[in-house]
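run-v3.txt, holding compact mmCIF, C-alpha atoms:
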```txt
# COMPACT_ATOMS: atom_id res chain seq x y z
CA MET A 33 -41.47 -31.15 27.59
CA GLN A 34 -38.87 -30.08 30.05
CA ARG A 35 -39.74 -28.00 33.03
CA TRP A 36 -37.76 -24.93 33.78
CA THR A 37 -36.48 -25.18 37.27
CA ALA A 38 -34.92 -22.42 39.30
CA ARG A 39 -31.54 -23.87 38.42
CA HIS A 40 -32.24 -23.62 34.68
CA VAL A 41 -33.42 -20.05 35.01
CA ALA A 42 -30.30 -19.13 37.01
CA GLU A 43 -28.04 -20.76 34.40
CA ALA A 44 -29.80 -18.90 31.56
CA VAL A 45 -29.49 -15.59 33.40
CA GLY A 46 -25.82 -16.35 34.07
CA ILE A 47 -25.14 -17.10 30.40
CA ILE A 48 -26.89 -13.91 29.34
CA GLY A 49 -24.84 -12.01 31.94
CA VAL A 50 -21.58 -13.47 30.66
CA ILE A 51 -22.47 -12.60 27.05
CA GLY A 52 -23.43 -9.07 28.08
CA SER A 53 -20.19 -8.68 30.01
CA LEU A 54 -18.13 -9.85 27.03
CA ILE A 55 -19.90 -7.36 24.77
CA PHE A 56 -19.26 -4.60 27.30
CA VAL A 57 -15.58 -5.51 27.70
CA GLY A 58 -15.18 -5.65 23.90
CA GLY A 59 -16.64 -2.16 23.60
CA GLU A 60 -14.38 -0.87 26.36
CA LEU A 61 -11.30 -2.39 24.68
CA ARG A 62 -12.24 -0.73 21.40
CA GLN A 63 -12.70 2.64 23.12
CA ASN A 64 -9.39 2.19 24.92
CA ALA A 65 -7.61 1.44 21.63
CA ILE A 66 -9.11 4.57 20.06
CA ALA A 67 -8.06 6.67 23.07
CA THR A 68 -4.53 5.23 23.01
CA ARG A 69 -4.16 5.98 19.30
CA ALA A 70 -5.46 9.53 19.79
CA ALA A 71 -3.06 10.15 22.67
CA THR A 72 -0.13 8.77 20.66
CA ASN A 73 -1.02 10.92 17.66
CA ALA A 74 -1.26 13.99 19.90
CA GLU A 75 2.12 13.24 21.51
CA VAL A 76 3.77 13.01 18.10
CA SER A 77 2.20 16.28 17.03
CA VAL A 78 3.37 18.03 20.20
CA ALA A 79 6.88 16.63 19.74
CA PHE A 80 7.09 18.06 16.20
CA VAL A 81 5.71 21.42 17.35
CA ASP A 82 8.21 21.57 20.23
CA LEU A 83 11.10 20.71 17.91
CA ASN A 84 10.05 23.33 15.37
CA LEU A 85 9.65 25.99 18.07
CA MET A 86 13.11 25.14 19.41
CA LEU A 87 14.60 25.39 15.93
CA ALA A 88 12.81 28.66 15.17
CA SER A 89 13.72 30.35 18.46
CA ASN A 90 17.42 29.50 18.73
CA PRO A 91 19.62 32.05 16.93
CA GLU A 92 22.82 30.09 17.63
CA LEU A 93 21.35 26.99 16.06
CA ALA A 94 20.07 28.95 13.07
CA ARG A 95 23.56 30.40 12.60
CA ALA A 96 25.15 26.94 12.88
CA PHE A 97 22.81 25.56 10.23
CA SER A 98 23.17 28.52 7.88
CA GLU A 99 26.97 28.65 8.14
CA HIS A 100 27.82 24.94 8.27
CA ALA A 101 25.01 22.98 6.61
CA ALA A 102 27.06 22.30 3.50
CA ASP A 103 29.92 20.74 5.50
CA PRO A 104 28.83 20.10 9.10
CA ALA A 105 31.89 18.01 9.91
CA SER A 106 34.10 21.08 9.51
CA ALA A 107 31.97 23.23 11.85
CA PRO A 108 33.33 24.27 15.24
CA GLN A 109 32.48 21.86 18.04
CA GLU A 110 29.81 24.15 19.52
CA ALA A 111 27.98 24.31 16.19
CA GLN A 112 28.27 20.54 15.73
CA ILE A 113 26.78 19.95 19.18
CA LEU A 114 23.83 22.23 18.38
CA MET A 115 23.20 20.65 14.99
CA LEU A 116 23.55 17.08 16.28
CA GLY A 117 21.23 17.86 19.18
CA SER A 118 18.47 19.06 16.88
CA TRP A 119 18.87 16.08 14.56
CA ARG A 120 18.95 13.72 17.55
CA ALA A 121 15.61 15.19 18.67
CA LEU A 122 14.19 14.58 15.20
CA PHE A 123 15.58 11.03 15.11
CA HIS A 124 13.93 10.37 18.51
CA ILE A 125 10.58 11.55 17.16
CA TRP A 126 11.00 9.35 14.08
CA SER A 127 12.06 6.41 16.25
CA ASN A 128 9.01 6.86 18.45
CA VAL A 129 6.70 7.00 15.42
CA HIS A 130 8.36 3.87 14.03
CA ARG A 131 7.89 2.01 17.34
CA GLN A 132 4.26 3.14 17.59
CA HIS A 133 3.70 1.93 14.02
CA ILE A 134 5.06 -1.49 14.96
CA ASN A 135 2.81 -1.49 18.05
CA GLY A 136 -0.19 -0.45 15.94
CA THR A 137 -0.90 2.63 18.04
CA ILE A 138 -0.33 5.41 15.52
CA ASP A 139 -2.46 6.62 12.67
CA PRO A 140 -1.07 5.14 9.43
CA VAL A 141 -1.26 8.57 7.76
CA ILE A 142 1.12 10.02 10.35
CA TYR A 143 3.50 7.10 9.87
CA GLU A 144 3.43 7.52 6.09
CA SER A 145 4.22 11.23 6.40
CA VAL A 146 7.18 10.48 8.67
CA VAL A 147 8.49 7.86 6.24
CA LYS A 148 8.16 10.43 3.46
CA GLU A 149 10.09 12.98 5.53
CA ILE A 150 12.88 10.52 6.28
CA SER A 151 13.00 9.43 2.66
CA THR A 152 13.13 13.02 1.44
CA TYR A 153 16.05 13.85 3.70
CA ALA A 154 17.75 10.54 3.01
CA VAL A 155 17.64 10.17 -0.76
CA GLY A 156 16.05 13.29 -2.09
CA ALA A 157 12.80 14.25 -3.67
CA MET A 158 14.01 16.64 -6.31
CA GLU A 159 11.93 15.43 -9.21
CA THR A 160 10.56 18.83 -10.15
CA TYR A 161 12.67 21.53 -8.54
CA ASP A 162 16.10 22.54 -7.39
CA ASN A 163 15.97 23.10 -3.64
CA GLN A 164 19.42 23.84 -2.22
CA ASP A 165 18.02 23.95 1.32
CA LEU A 166 16.83 20.37 0.88
CA VAL A 167 20.23 19.33 -0.48
CA LYS A 168 21.83 20.78 2.67
CA ARG A 169 19.33 18.99 4.91
CA GLN A 170 20.15 15.74 3.16
CA ALA A 171 23.86 16.26 3.81
CA LEU A 172 23.09 17.14 7.43
CA MET A 173 20.95 14.05 7.91
CA HIS A 174 23.62 11.72 6.56
CA TRP A 175 26.24 13.36 8.78
CA ALA A 176 24.01 13.36 11.87
CA TRP A 177 22.88 9.75 11.34
CA ALA A 178 26.50 8.62 10.97
CA ASN A 179 27.27 10.31 14.31
CA GLU A 180 24.14 9.41 16.27
CA ARG A 181 22.98 6.08 14.80
CA PHE A 182 24.37 4.05 17.71
CA ILE A 183 21.84 5.59 20.14
CA TYR A 184 18.81 3.95 18.54
CA ASN A 185 17.53 0.40 18.74
CA ALA A 186 18.64 -2.06 16.08
CA GLU A 187 15.21 -2.24 14.49
CA PHE A 188 15.09 1.53 13.90
CA GLN A 189 18.71 1.49 12.70
CA ARG A 190 17.82 -1.12 10.06
CA PHE A 191 14.74 0.88 9.07
CA VAL A 192 16.67 4.13 8.51
CA ASP A 193 19.66 2.36 6.97
CA GLY A 194 17.28 0.72 4.50
CA ILE A 195 15.91 4.10 3.47
CA LEU A 196 19.43 5.54 3.21
CA ALA A 197 20.49 2.63 1.00
CA ALA A 198 17.60 3.10 -1.42
CA PRO A 199 18.53 4.33 -4.88
CA ARG A 200 18.42 8.09 -5.28
CA ALA A 201 15.41 9.56 -6.98
CA PRO A 202 16.15 10.88 -10.44
CA ASP A 203 17.30 14.49 -10.34
CA VAL A 204 15.09 16.10 -12.97
CA ARG A 205 15.35 19.86 -12.55
CA ARG A 206 13.33 22.47 -14.32
```
Now, as a test, write the supplied structure out as structure tokens.
Amino acid sequence: MQRWTARHVAEAVGIIGVIGSLIFVGGELRQNAIATRAATNAEVSVAFVDLNLMLASNPELARAFSEHAADPASAPQEAQILMLGSWRALFHIWSNVHRQHINGTIDPVIYESVVKEISTYAVGAMETYDNQDLVKRQALMHWAWANERFIYNAEFQRFVDGILAAPRAPDVRR
């Protein structure tokens, strides 16, 4: 039978300490990942709220959209700048959500809802109703993306271009 010397006891305590430290660090990393995801989700939510408040509180922008949504390219320059600015803000939010999805720091449900929004504006989701406002938003998105696409990283460009290239949903109107 082996005798436990002071050295053996110290080594055992050291091993137990290392294992305890690793468990603690693992728990801290998990908590940090949860906190990062929560902060990212909150930032995305705030960005959408800010964009919607800006859209809802800007009479000039509302006029530009209501008067020129059907043919934004023919709008006066001031109206085009307003419309492109609002779409650019939306594209930046989408781009951020896409990047956070790639990084694994956003809730998958939020990412799926953003993909659905992009897809709806890109190719249409008119399976059960005739929504002329949505048709105008689709035209606006195509116009704005054609004008602003160059600003975004190549990965996001490919992502949006892929959605834009998807076949249109069948237009079954009631």
By how many Å are CA of His133 in chain A and CA of Ser118 in chain A apart?
->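 Those two atoms sit 22.8 Å apart.
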Counting all atoms listed in the file, the option among A:Glu149, A:Glu180, A:Glu110, A:Glu43 closest to His124 in chain A |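 Checking each candidate against His124 in chain A, we get A:Glu180 as the closest.
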Distance query range 82-90 of chain A at most 8 Å, all atoms listed in the file, self and fewer than 2 positions along chain excluded, as a list in words =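 The neighbour list is Val78, Ala79, Phe80, Glu92, Leu93, Ala94, Ser118, Ala121 and Leu122 of chain A.
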Using CA of Val45 in chain A and CA of Gln63 in chain A as the two end points, give the distance in Å to one decimal.
-> 26.8 Å
State, in Å with one decimal place, the distance from CA of Ser151 in chain A to CA of Asn73 in chain A.
->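 About the pair CA of Ser151 in chain A and CA of Asn73 in chain A: they are 20.6 Å apart.
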Report as AutoDock Vina command-line options the centre and the edge lengths, in Å to one decimal, of the axis-aligned box holding every listed atom of range 134-144 of chain A, padded by 3 Å on each side.
```
--center_x 1.3 --center_y 4.3 --center_z 12.1 --size_x 13.5 --size_y 17.5 --size_z 18.0
```
Pick the closest to Trp119 in chain A from A:Leu54, A:Gly46, A:Arg169, A:Ala102: which is it, counting only C-alpha atoms?
->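 Distance minimum relative to Trp119 in chain A lands on A:Arg169.
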For Phe123 in chain A, list every protein, DNA or RNA residue within 12 Å, evaluated using only C-alpha atoms, and leave out those in the same chain fewer than 2 positions away; present the list as a PDB file with C-alpha atoms, in the coordinates of the input.
```
ATOM      1  CA  ALA A  79       6.880  16.630  19.740  1.00  0.00           C
ATOM      2  CA  PHE A  80       7.090  18.060  16.200  1.00  0.00           C
ATOM      3  CA  LEU A  83      11.100  20.710  17.910  1.00  0.00           C
ATOM      4  CA  LEU A 116      23.550  17.080  16.280  1.00  0.00           C
ATOM      5  CA  GLY A 117      21.230  17.860  19.180  1.00  0.00           C
ATOM      6  CA  SER A 118      18.470  19.060  16.880  1.00  0.00           C
ATOM      7  CA  TRP A 119      18.870  16.080  14.560  1.00  0.00           C
ATOM      8  CA  ARG A 120      18.950  13.720  17.550  1.00  0.00           C
ATOM      9  CA  ALA A 121      15.610  15.190  18.670  1.00  0.00           C
ATOM     10  CA  ILE A 125      10.580  11.550  17.160  1.00  0.00           C
ATOM     11  CA  TRP A 126      11.000   9.350  14.080  1.00  0.00           C
ATOM     12  CA  SER A 127      12.060   6.410  16.250  1.00  0.00           C
ATOM     13  CA  ASN A 128       9.010   6.860  18.450  1.00  0.00           C
ATOM     14  CA  VAL A 129       6.700   7.000  15.420  1.00  0.00           C
ATOM     15  CA  HIS A 130       8.360   3.870  14.030  1.00  0.00           C
ATOM     16  CA  VAL A 146       7.180  10.480   8.670  1.00  0.00           C
ATOM     17  CA  VAL A 147       8.490   7.860   6.240  1.00  0.00           C
ATOM     18  CA  GLU A 149      10.090  12.980   5.530  1.00  0.00           C
ATOM     19  CA  ILE A 150      12.880  10.520   6.280  1.00  0.00           C
ATOM     20  CA  TYR A 153      16.050  13.850   3.700  1.00  0.00           C
ATOM     21  CA  MET A 173      20.950  14.050   7.910  1.00  0.00           C
ATOM     22  CA  HIS A 174      23.620  11.720   6.560  1.00  0.00           C
ATOM     23  CA  ALA A 176      24.010  13.360  11.870  1.00  0.00           C
ATOM     24  CA  TRP A 177      22.880   9.750  11.340  1.00  0.00           C
ATOM     25  CA  ALA A 178      26.500   8.620  10.970  1.00  0.00           C
ATOM     26  CA  ASN A 179      27.270  10.310  14.310  1.00  0.00           C
ATOM     27  CA  GLU A 180      24.140   9.410  16.270  1.00  0.00           C
ATOM     28  CA  ARG A 181      22.980   6.080  14.800  1.00  0.00           C
ATOM     29  CA  PHE A 182      24.370   4.050  17.710  1.00  0.00           C
ATOM     30  CA  ILE A 183      21.840   5.590  20.140  1.00  0.00           C
ATOM     31  CA  TYR A 184      18.810   3.950  18.540  1.00  0.00           C
ATOM     32  CA  ASN A 185      17.530   0.400  18.740  1.00  0.00           C
ATOM     33  CA  PHE A 188      15.090   1.530  13.900  1.00  0.00           C
ATOM     34  CA  GLN A 189      18.710   1.490  12.700  1.00  0.00           C
ATOM     35  CA  PHE A 191      14.740   0.880   9.070  1.00  0.00           C
ATOM     36  CA  VAL A 192      16.670   4.130   8.510  1.00  0.00           C
TER      37      VAL A 192
END
```
